[in-house]
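Engineer: Coordinates in data.pdb, PDB, C-alpha atoms and all ligand atoms, are listed below.
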ATOM      1  CA  MET N  16     258.765 146.199   2.964
ATOM      2  CA  PRO N  17     259.209 149.356   0.847
ATOM      3  CA  ARG N  18     259.951 151.311   4.012
ATOM      4  CA  ILE N  19     262.965 149.119   4.779
ATOM      5  CA  HIS N  20     264.289 149.539   1.246
ATOM      6  CA  ARG N  21     264.046 153.278   1.521
ATOM      7  CA  LEU N  22     265.833 153.206   4.835
ATOM      8  CA  ILE N  23     268.722 151.207   3.447
ATOM      9  CA  ARG N  24     269.023 153.545   0.504
ATOM     10  CA  CYS N  25     269.180 156.495   2.871
ATOM     11  CA  GLN N  26     271.903 154.932   4.956
ATOM     12  CA  THR N  27     274.066 154.143   1.958
ATOM     13  CA  GLY N  28     273.590 157.657   0.677
ATOM     14  CA  ALA N  29     272.312 156.538  -2.715
ATOM     15  CA  VAL N  30     269.208 158.703  -2.651
ATOM     16  CA  ALA N  31     270.337 160.899  -5.507
ATOM     17  CA  ARG N  32     268.023 159.199  -7.979
ATOM     18  CA  PRO N  33     264.667 160.955  -8.372
ATOM     19  CA  PRO N  34     261.630 158.984  -7.248
ATOM     20  CA  ARG N  35     260.157 156.769  -9.903
ATOM     21  CA  PRO N  36     256.560 157.938 -10.087
ATOM     22  CA  ARG N  37     255.362 155.075 -12.253
ATOM     23  CA  ARG N  38     256.558 152.447  -9.821
ATOM     24  CA  GLN N  39     255.172 154.398  -6.891
ATOM     25  CA  GLN N  40     251.844 154.692  -8.692
ATOM     26  CA  ARG N  41     251.807 150.940  -9.305
ATOM     27  CA  GLU N  42     252.524 150.254  -5.648
ATOM     28  CA  ARG N  43     249.771 152.646  -4.590
ATOM     29  CA  ASP N  44     247.321 151.011  -6.999
ATOM     30  CA  ARG N  45     248.209 147.575  -5.719
ATOM     31  CA  GLU N  46     247.743 148.666  -2.123
ATOM     32  CA  LEU N  47     244.393 150.247  -2.991
ATOM     33  CA  ARG N  48     243.163 147.119  -4.734
ATOM     34  CA  LYS N  49     244.185 145.070  -1.724
ATOM     35  CA  GLN N  50     242.242 147.413   0.529
ATOM     36  CA  VAL N  51     239.170 147.206  -1.705
ATOM     37  CA  ARG N  52     239.261 143.411  -1.609
ATOM     38  CA  ARG N  53     239.691 143.434   2.159
ATOM     39  CA  THR N  54     236.682 145.719   2.557
ATOM     40  CA  GLU N  55     234.607 143.573   0.195
ATOM     41  CA  ARG N  56     235.450 140.445   2.191
ATOM     42  CA  LEU N  57     234.427 142.193   5.378
ATOM     43  CA  ALA N  58     231.215 143.518   3.856
ATOM     44  CA  ALA N  59     230.279 140.029   2.694
ATOM     45  CA  THR N  60     229.867 139.041   6.332
ATOM     46  CA  LEU N  61     227.503 141.913   7.164
ATOM     47  CA  PRO N  62     223.759 141.465   7.454
ATOM     48  CA  GLY N  63     222.062 141.927   4.109
ATOM     49  CA  ALA N  64     225.097 140.872   2.110
ATOM     50  CA  SER N  65     223.564 137.625   0.910
ATOM     51  CA  ALA N  66     220.279 135.778   0.496
ATOM     52  CA  GLU N  67     221.301 133.594   3.440
ATOM     53  CA  GLN N  68     221.578 136.557   5.803
ATOM     54  CA  PRO N  69     218.998 139.124   4.734
ATOM     55  CA  ILE N  70     218.090 142.204   6.743
ATOM     56  CA  GLU N  71     214.716 141.481   8.317
ATOM     57  CA  VAL N  72     212.100 144.169   7.873
ATOM     58  CA  ARG N  73     208.469 144.382   8.961
ATOM     59  CA  SER N  74     207.141 145.995   5.833
ATOM     60  CA  ALA N  75     208.097 146.223   2.160
ATOM     61  CA  SER N  76     207.748 149.992   2.300
ATOM     62  CA  VAL N  77     210.962 150.418   4.312
ATOM     63  CA  VAL N  78     213.163 148.329   2.013
ATOM     64  CA  GLU N  79     214.072 151.109  -0.423
ATOM     65  CA  GLU N  80     214.462 153.636   2.358
ATOM     66  CA  LYS N  81     216.858 151.366   4.239
ATOM     67  CA  ALA N  82     218.779 150.495   1.093
ATOM     68  CA  ARG N  83     219.206 154.172   0.252
ATOM     69  CA  ALA N  84     220.282 154.983   3.795
ATOM     70  CA  THR N  85     223.118 152.484   3.478
ATOM     71  CA  ARG N  86     226.495 154.010   2.669
ATOM     72  CA  CYS N  87     229.048 152.792   0.194
ATOM     73  CA  ILE N  88     231.401 150.412   1.999
ATOM     74  CA  GLN N  89     234.356 151.650  -0.027
ATOM     75  CA  CYS N  90     234.027 155.407   0.200
ATOM     76  CA  GLY N  91     230.964 156.235   2.300
ATOM     77  CA  GLY N  92     229.185 157.738  -0.690
ATOM     78  CA  ASP N  93     225.468 157.694  -1.450
ATOM     79  CA  LEU N  94     224.073 154.579  -3.050
ATOM     80  CA  GLU N  95     221.736 154.713  -6.007
ATOM     81  CA  LEU N  96     219.102 152.056  -6.652
ATOM     82  CA  ARG N  97     219.680 150.145  -9.862
ATOM     83  CA  GLY N  98     217.447 147.126  -9.586
ATOM     84  CA  ASP N  99     214.978 145.303  -7.402
ATOM     85  CA  ARG N 100     214.010 141.661  -7.527
ATOM     86  CA  ALA N 101     211.510 139.941  -5.290
ATOM     87  CA  THR N 102     211.252 136.239  -4.561
ATOM     88  CA  SER N 103     208.582 134.645  -2.444
ATOM     89  CA  THR N 104     209.808 132.200   0.143
ATOM     90  CA  ALA N 105     208.100 130.306   2.940
ATOM     91  CA  ARG N 106     209.523 132.792   5.451
ATOM     92  CA  GLY N 107     208.506 135.913   3.558
ATOM     93  CA  VAL N 108     209.366 137.855   0.433
ATOM     94  CA  VAL N 109     213.090 138.189  -0.182
ATOM     95  CA  ARG N 110     214.082 141.403  -1.961
ATOM     96  CA  GLU N 111     217.373 141.698  -3.767
ATOM     97  CA  ILE N 112     218.314 145.340  -4.206
ATOM     98  CA  ALA N 113     221.074 146.244  -6.644
ATOM     99  CA  LEU N 114     222.845 149.475  -5.830
ATOM    100  CA  ILE N 115     225.748 151.460  -7.147
ATOM    101  CA  CYS N 116     227.798 154.140  -5.441
ATOM    102  CA  ARG N 117     227.314 157.603  -6.882
ATOM    103  CA  LEU N 118     230.885 158.523  -6.016
ATOM    104  CA  CYS N 119     233.122 155.547  -6.718
ATOM    105  CA  HIS N 120     230.632 153.403  -8.693
ATOM    106  CA  ALA N 121     231.256 150.346  -6.553
ATOM    107  CA  PRO N 122     228.329 147.957  -6.989
ATOM    108  CA  ARG N 123     226.533 146.565  -3.975
ATOM    109  CA  THR N 124     223.696 144.121  -3.508
ATOM    110  CA  LEU N 125     221.569 144.191  -0.383
ATOM    111  CA  TRP N 126     219.146 141.472   0.666
ATOM    112  CA  PHE N 127     216.033 142.062   2.705
ATOM    113  CA  ARG N 128     213.348 139.731   3.969
ATOM    114  CA  VAL N 129     209.919 141.169   4.536
ATOM    115  CA  ALA N 130     208.287 139.294   7.375
ATOM    116  CA  PRO N 131     204.979 137.713   6.363
ATOM    117  CA  PRO N 132     201.955 139.463   7.900
ATOM    118  CA  SER N 133     201.140 138.049  11.312
ATOM    119  CA  PRO N 134     197.993 135.855  11.332
ATOM    120  CA  ASN N 135     195.985 137.977  13.797
TER     121      ASN N 135
HETATM  122 ZN    ZN U 201     231.711 154.504  -3.087
END
Write out the structure in this file as structure tokens.
Ligand SMILES: [Zn+2]
Structural biologist:
Amino acid sequence: MPRIHRLIRCQTGAVARPPRPRRQQRERDRELRKQVRRTERLAATLPGASAEQPIEVRSASVVEEKARATRCIQCGGDLELRGDRATSTARGVVREIALICRLCHAPRTLWFRVAPPSPN
């Protein structure tokens, strides 16, 4: 939409007014927030985003390593471990790992399920 407005203003020759930085900033902020929400919605569908769709791992020892290897969905930054909660379920131990981005401080929670040891 804003592009059309600008175009019309150009055609009518009324471009003399200086740009209004505050309004532009607000528009940029709004667009950024929209993008963040879009990314969050997308990330919510990824494996590990919820207790219902945990990332399956063979051993508890790889959970932290995998969590740390995950990148921030917003900016690609490194994630820092903030918390770790384990719950035993019939299908294995579910680990809830709380993370925060070192760069943009976006929080993230990753879910893992450690497969129970095989009976043999
Ligand atoms: Zn980030």
Engineer: Could you tell me how far CA of Glu55 in chain N sits from CA of Asp93 in chain N, in Å to one decimal place?
Structural biologist: 16.9 Å
Engineer: Write out as an MDAnalysis selection string each polymer residue (protein, DNA or RNA) that has an atom no more than 10 Å from ligand ZN 201 (chain U), with all atoms listed in the file counted.
Structural biologist: chainID N and resid 86:94 115:123
Engineer: Quick check, in Å to one decimal: how far apart do CA of Leu57 in chain N and CA of Ala130 in chain N lie?
Structural biologist: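 Interatomic distance, CA of Leu57 in chain N to CA of Ala130 in chain N: 26.4 Å.
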Engineer: For this file, the PyMOL selection byres (((chain N and resi 128) around 7) and not hetatm) selects which residues, as a PyMOL selection string?
Structural biologist: chain N and resi 69-72+107-110+126-127+129-130
Engineer: Any chance you can output those residues with C-alpha atoms as an mmCIF file, in the frame of the given file?
Structural biologist:
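Dumped everything to result25.cif:
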data_model
loop_
_atom_site.group_PDB
_atom_site.id
_atom_site.type_symbol
_atom_site.label_atom_id
_atom_site.label_comp_id
_atom_site.auth_asym_id
_atom_site.auth_seq_id
_atom_site.Cartn_x
_atom_site.Cartn_y
_atom_site.Cartn_z
ATOM 1 C CA PRO N 69 218.998 139.124 4.734
ATOM 2 C CA ILE N 70 218.090 142.204 6.743
ATOM 3 C CA GLU N 71 214.716 141.481 8.317
ATOM 4 C CA VAL N 72 212.100 144.169 7.873
ATOM 5 C CA GLY N 107 208.506 135.913 3.558
ATOM 6 C CA VAL N 108 209.366 137.855 0.433
ATOM 7 C CA VAL N 109 213.090 138.189 -0.182
ATOM 8 C CA ARG N 110 214.082 141.403 -1.961
ATOM 9 C CA TRP N 126 219.146 141.472 0.666
ATOM 10 C CA PHE N 127 216.033 142.062 2.705
ATOM 11 C CA VAL N 129 209.919 141.169 4.536
ATOM 12 C CA ALA N 130 208.287 139.294 7.375
#
Engineer: What does the distance between CA of Arg97 in chain N and CA of Gln68 in chain N come to in Å, to one decimal place?
Structural biologist: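 Distance reported for this atom pair: 20.8 Å.
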Engineer: Using only C-alpha atoms for the distances, tell me which of N:Asp99, N:Ala105, N:Val51, N:Leu114 is nearest to Ala75 in chain N.
Structural biologist: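 Once distances to Ala75 in chain N are computed over only C-alpha atoms, the minimum belongs to N:Asp99.
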Engineer: Write out as lines of an AutoDock Vina configuration file an axis-aligned box for range 37-52 of chain N: all of its atoms listed in the file, 3 Å added on each side, centre and edge lengths in Å with one decimal.
Structural biologist:
center_x = 247.9
center_y = 149.2
center_z = -5.9
size_x = 23.4
size_y = 17.7
size_z = 18.8
Engineer: Between N:Pro62, N:Arg35, N:Arg43, N:Pro132, single out the one closest to Thr85 in chain N, counting only C-alpha atoms.
Structural biologist: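 Smallest distance to Thr85 in chain N is found for N:Pro62.
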Engineer: Which residue, N:Ala66, N:Leu61, N:Gln39, N:Ala84, has the smallest gap to Thr104 in chain N when you use only C-alpha atoms?
Structural biologist: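 Among the listed residues, the smallest separation from Thr104 in chain N belongs to N:Ala66.
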